Amino acid sequence: MVTSLLRVEHACRRFGGQTALDDVSFQVRPGEILGIIGRSGAGKTTLLRCLNGLERPDSGRILIEDRDITTLPERELVQVRRRIGLVFQHFNLLNSRTVAANIELPLQIAGVPRDKRRARADELLELVGLTGHADKRPGQLSGGQKQRVGIARALAAHPALLLCDEATSALDPETTLSILDLLRDINRRLGLTIILITHEMDVIRRIAQRILVMDHGRVVEDAETAQVLRGGAQHDVTRAFLHGESARLPDALLARLRPDPFAGGAPVVRLTLDTGATGTPVLSILARRHGIDATILQAGMAEGRTHMQAECVVRLSGHDDGAMGFLLQASPSMEVLGYVPADS
Ligand SMILES: Nc1ncnc2c1ncn2[C@@H]1O[C@H](COP(=O)(O)OP(=O)(O)OP(=O)(O)O)[C@@H](O)[C@H]1O
C-alpha cells in the first residue's frame, strides 16, 4: 500500500556555483493539500521541475507512488508523468483549439479514442463549472474561466497528483478565491492530492493543510498550516511571510519598541481577530473585565481559511493577570512585538 504519494529524499541541485536545492526532504500523503512557499530564488521552480521529471536532482531521490523518478528511463517517466496534472500561472491554453479540445489534449496524446475524450471533457467541464462553454475558444473566456479550463485539462488523465505553479498569481483577488475554492472542492470530492507552489501566504492560509517554507534552496519549515497560523512557526522566514502581508510597523513605533519588559512599559501585541457576527467584542471585554485599555496602533483585514479576520497591533495599558490568557484565547496567534513606555 502507498503511504506517501510523494517522497523527496535529500534532493540537491546546483547550477554552476548556485545551489537551487540543498538537501530537500519531505513527504506528501495521499489526499493532502500542501502549500510550498518561498521568496524569489528560493528554489520552488527547480523543485517543481524535479517533481515532474523535467529536471533531475544531482543527488537524492524523488519517489512518486513509490517509484523513483530520478532513475527511471524516459519511457517509464512518461507513464509516471501521466499521474501528475500541471496547472500553470498563465494557463498555457491553445487558442487554435476549442475549450473541449484543450481539455482533451492530454488524452489525445495518450491515444484515447475521440468519443471517450469528448465524454471526459464534458464531465470535467461540469466539474469546473463551465458546462456550455465546450465549443468556445480560450480567448473568449475570462482569466478565471481560463484557469478552470487549465484545471480541467490537468485532471483529464485522472492524475494522482495536481501540481499548481502560481496558479492564481495572474488573477484578481475575487477570482483567486473562487479558483482556490474549486481546488479545495476537487480535493474533497476526488480525494486528489494537491501541491501548490506560491509566494502568497493568503493562498496557503485559504486551502493548504500543510505548509513547506523554502529559503535558499532549503526547507526551513514543514508544519501543519493551522499550527503555523496559531503562532507555532519555527523559522523567521515563515514569520516574515505571515506578517509580511500586514503593513510594516510605523518607524516612530519601531524606534521606541524594546524587546524586554521594563518598569512603566506597556506591551505591544499583534492580534488576529474574527470579524462579523461570530466575532467576540475582544477589546470591550478587555476593558470591562480586565481593566486594560487597548490603543490601536495599526489595523487591517486579512483573508482567513473560512472568513475575513482583522489584524491589529495594539498597546495594552494597565495590569491584569488574566488579560493575556483571555487575548490568547481570542487570538491564538497573538504575538508580543515588544514594549513601549505606557504614556507614549
Ligand atoms: N537553469 C538555471 N541555470 C542557472 N541557475 C538557475 C537555473 N534555474 C535556477 N537557477 C538558480 O537557482 C536558484 C533557485 O531558482 P528557482 O527558479 O528554483 O527559484 P524560485 O523560488 O522558483 O524563484 P521564482 O519565484 O523567482 O521563480 C536561483 O538562484 C536561480 O538563479
# chains A, B, ... in the order shown; residues from 1 in each chain; ligands from 1
>>> residues_around(residues="A:Asp215", least_positions_apart="2", cutoff="9 Å", atoms="only C-alpha atoms", output="ChimeraX atom specification")
/A:37-39,41-43,213,217-220,237
>>> write_last_selection(atoms="N, CA and C atoms", output="PDB file, in the first residue's frame")
ATOM      1  N   ILE A  37       5.864  27.530  -0.159  1.00  0.00           N
ATOM      2  CA  ILE A  37       6.026  28.977  -0.290  1.00  0.00           C
ATOM      3  C   ILE A  37       7.503  29.337  -0.161  1.00  0.00           C
ATOM      4  N   GLY A  38       7.907  30.372  -0.842  1.00  0.00           N
ATOM      5  CA  GLY A  38       9.288  30.826  -0.736  1.00  0.00           C
ATOM      6  C   GLY A  38       9.444  32.095  -1.537  1.00  0.00           C
ATOM      7  N   ARG A  39      10.455  32.872  -1.177  1.00  0.00           N
ATOM      8  CA  ARG A  39      10.701  34.110  -1.918  1.00  0.00           C
ATOM      9  C   ARG A  39      11.282  33.771  -3.288  1.00  0.00           C
ATOM     10  N   GLY A  41      13.718  32.973  -6.024  1.00  0.00           N
ATOM     11  CA  GLY A  41      15.058  32.382  -5.962  1.00  0.00           C
ATOM     12  C   GLY A  41      15.217  31.335  -4.876  1.00  0.00           C
ATOM     13  N   ALA A  42      14.140  31.032  -4.144  1.00  0.00           N
ATOM     14  CA  ALA A  42      14.230  30.067  -3.032  1.00  0.00           C
ATOM     15  C   ALA A  42      14.400  28.632  -3.524  1.00  0.00           C
ATOM     16  N   GLY A  43      14.043  28.379  -4.788  1.00  0.00           N
ATOM     17  CA  GLY A  43      14.201  27.031  -5.334  1.00  0.00           C
ATOM     18  C   GLY A  43      12.889  26.349  -5.700  1.00  0.00           C
ATOM     19  N   VAL A 213       8.051  25.775   3.843  1.00  0.00           N
ATOM     20  CA  VAL A 213       8.669  27.062   3.517  1.00  0.00           C
ATOM     21  C   VAL A 213      10.084  26.799   3.009  1.00  0.00           C
ATOM     22  N   GLY A 217      17.107  27.413  -1.144  1.00  0.00           N
ATOM     23  CA  GLY A 217      17.186  26.012  -1.552  1.00  0.00           C
ATOM     24  C   GLY A 217      16.894  25.004  -0.452  1.00  0.00           C
ATOM     25  N   ARG A 218      16.661  25.466   0.771  1.00  0.00           N
ATOM     26  CA  ARG A 218      16.425  24.535   1.879  1.00  0.00           C
ATOM     27  C   ARG A 218      14.964  24.592   2.328  1.00  0.00           C
ATOM     28  N   VAL A 219      14.488  23.484   2.919  1.00  0.00           N
ATOM     29  CA  VAL A 219      13.175  23.514   3.552  1.00  0.00           C
ATOM     30  C   VAL A 219      13.395  23.982   4.984  1.00  0.00           C
ATOM     31  N   VAL A 220      12.880  25.167   5.310  1.00  0.00           N
ATOM     32  CA  VAL A 220      13.138  25.702   6.652  1.00  0.00           C
ATOM     33  C   VAL A 220      11.924  25.507   7.571  1.00  0.00           C
ATOM     34  N   VAL A 237      11.749  33.188   8.370  1.00  0.00           N
ATOM     35  CA  VAL A 237      11.201  33.403   7.022  1.00  0.00           C
ATOM     36  C   VAL A 237       9.693  33.142   7.037  1.00  0.00           C
TER      37      VAL A 237
END
>>> closest_atom_pairs(of="chain A", to="ligand 1", cutoff="9 Å", atoms="only C-alpha atoms and all ligand atoms", output="CSV")
residue,atom,partner,partner_atom_place_in_ligand_line,distance
A:Arg13,CA,ligand 1,12 (O),8.3
A:Arg14,CA,ligand 1,12 (O),7.2
A:Phe15,CA,ligand 1,4 (C),4.7
A:Gly16,CA,ligand 1,4 (C),6.8
A:Gly17,CA,ligand 1,5 (N),8.5
A:Gln18,CA,ligand 1,29 (O),5.8
A:Thr19,CA,ligand 1,12 (O),5.9
A:Ala20,CA,ligand 1,12 (O),3.9
A:Leu21,CA,ligand 1,14 (C),7.2
A:Ile37,CA,ligand 1,21 (O),8.1
A:Gly38,CA,ligand 1,21 (O),5.8
A:Arg39,CA,ligand 1,21 (O),5.8
A:Ser40,CA,ligand 1,26 (O),3.5
A:Gly41,CA,ligand 1,19 (O),3.4
A:Ala42,CA,ligand 1,21 (O),3.7
A:Gly43,CA,ligand 1,18 (O),3.2
A:Lys44,CA,ligand 1,21 (O),3.8
A:Thr45,CA,ligand 1,22 (O),3.5
A:Thr46,CA,ligand 1,18 (O),3.7
A:Leu47,CA,ligand 1,18 (O),6.4
A:Leu48,CA,ligand 1,18 (O),8.0
A:Arg49,CA,ligand 1,18 (O),8.5
A:Glu166,CA,ligand 1,25 (O),8.9
A:Ile197,CA,ligand 1,22 (O),8.7
A:Thr198,CA,ligand 1,25 (O),7.8
A:His199,CA,ligand 1,25 (O),6.9
A:Met214,CA,ligand 1,21 (O),7.7
A:Asp215,CA,ligand 1,21 (O),8.1
A:His216,CA,ligand 1,14 (C),7.4
A:Gly217,CA,ligand 1,14 (C),6.6
>>> closest_residue(among="A:Asp22, A:Asp115, A:Asp185, A:Asp222", to="A:Leu34", atoms="only C-alpha atoms")
A:Asp222
>>> residues_around(residues="stretch 132-138 of chain A", least_positions_apart="5", cutoff="7 Å", atoms="only C-alpha atoms", output="list in words")
Leu93, Asn95, Arg97, Thr98, Val99, Ala100 and Lys146 of chain A
>>> select_by_dssp(residues="stretch 18-127 of chain A", states="helix (DSSP H, G or I)", output="number ranges by chain")
A: 44-51, 74-81, 99-109, 114-127
>>> atom_distance(atom1="atom CA of A:Ile195", atom2="atom CA of A:Leu130")
23.4 Å
>>> atom_distance(atom1="atom CA of A:Gln298", atom2="atom CA of A:His243")
12.6 Å
>>> closest_atom_pairs(of="stretch 113-232 of chain A", to="stretch 325-334 of chain A", cutoff="12 Å", atoms="only C-alpha atoms", output="tab-separated table")
residue	atom	partner	partner_atom	distance
A:Thr225	CA	A:Ser333	CA	11.9
A:Ala226	CA	A:Ser333	CA	9.8
A:Gln227	CA	A:Ser333	CA	9.0
A:Val228	CA	A:Ser333	CA	8.2
A:Leu229	CA	A:Ser333	CA	6.0
A:Arg230	CA	A:Ser333	CA	4.0
A:Gly231	CA	A:Ser333	CA	4.2
A:Gly232	CA	A:Ser333	CA	7.9
>>> write_last_selection(atoms="C-alpha atoms", output="short mmCIF file (atom, residue, chain, number, x, y, z; two decimals), in the first residue's frame")
data_model
loop_
_atom_site.label_atom_id
_atom_site.label_comp_id
_atom_site.auth_asym_id
_atom_site.auth_seq_id
_atom_site.Cartn_x
_atom_site.Cartn_y
_atom_site.Cartn_z
CA THR A 225 -0.82 25.25 8.46
CA ALA A 226 -3.11 25.60 11.49
CA GLN A 227 -0.13 25.23 13.81
CA VAL A 228 1.80 27.94 11.98
CA LEU A 229 -1.23 30.25 11.99
CA ARG A 230 -1.57 29.69 15.75
CA GLY A 231 1.90 31.17 16.20
CA GLY A 232 3.89 27.92 16.01
#
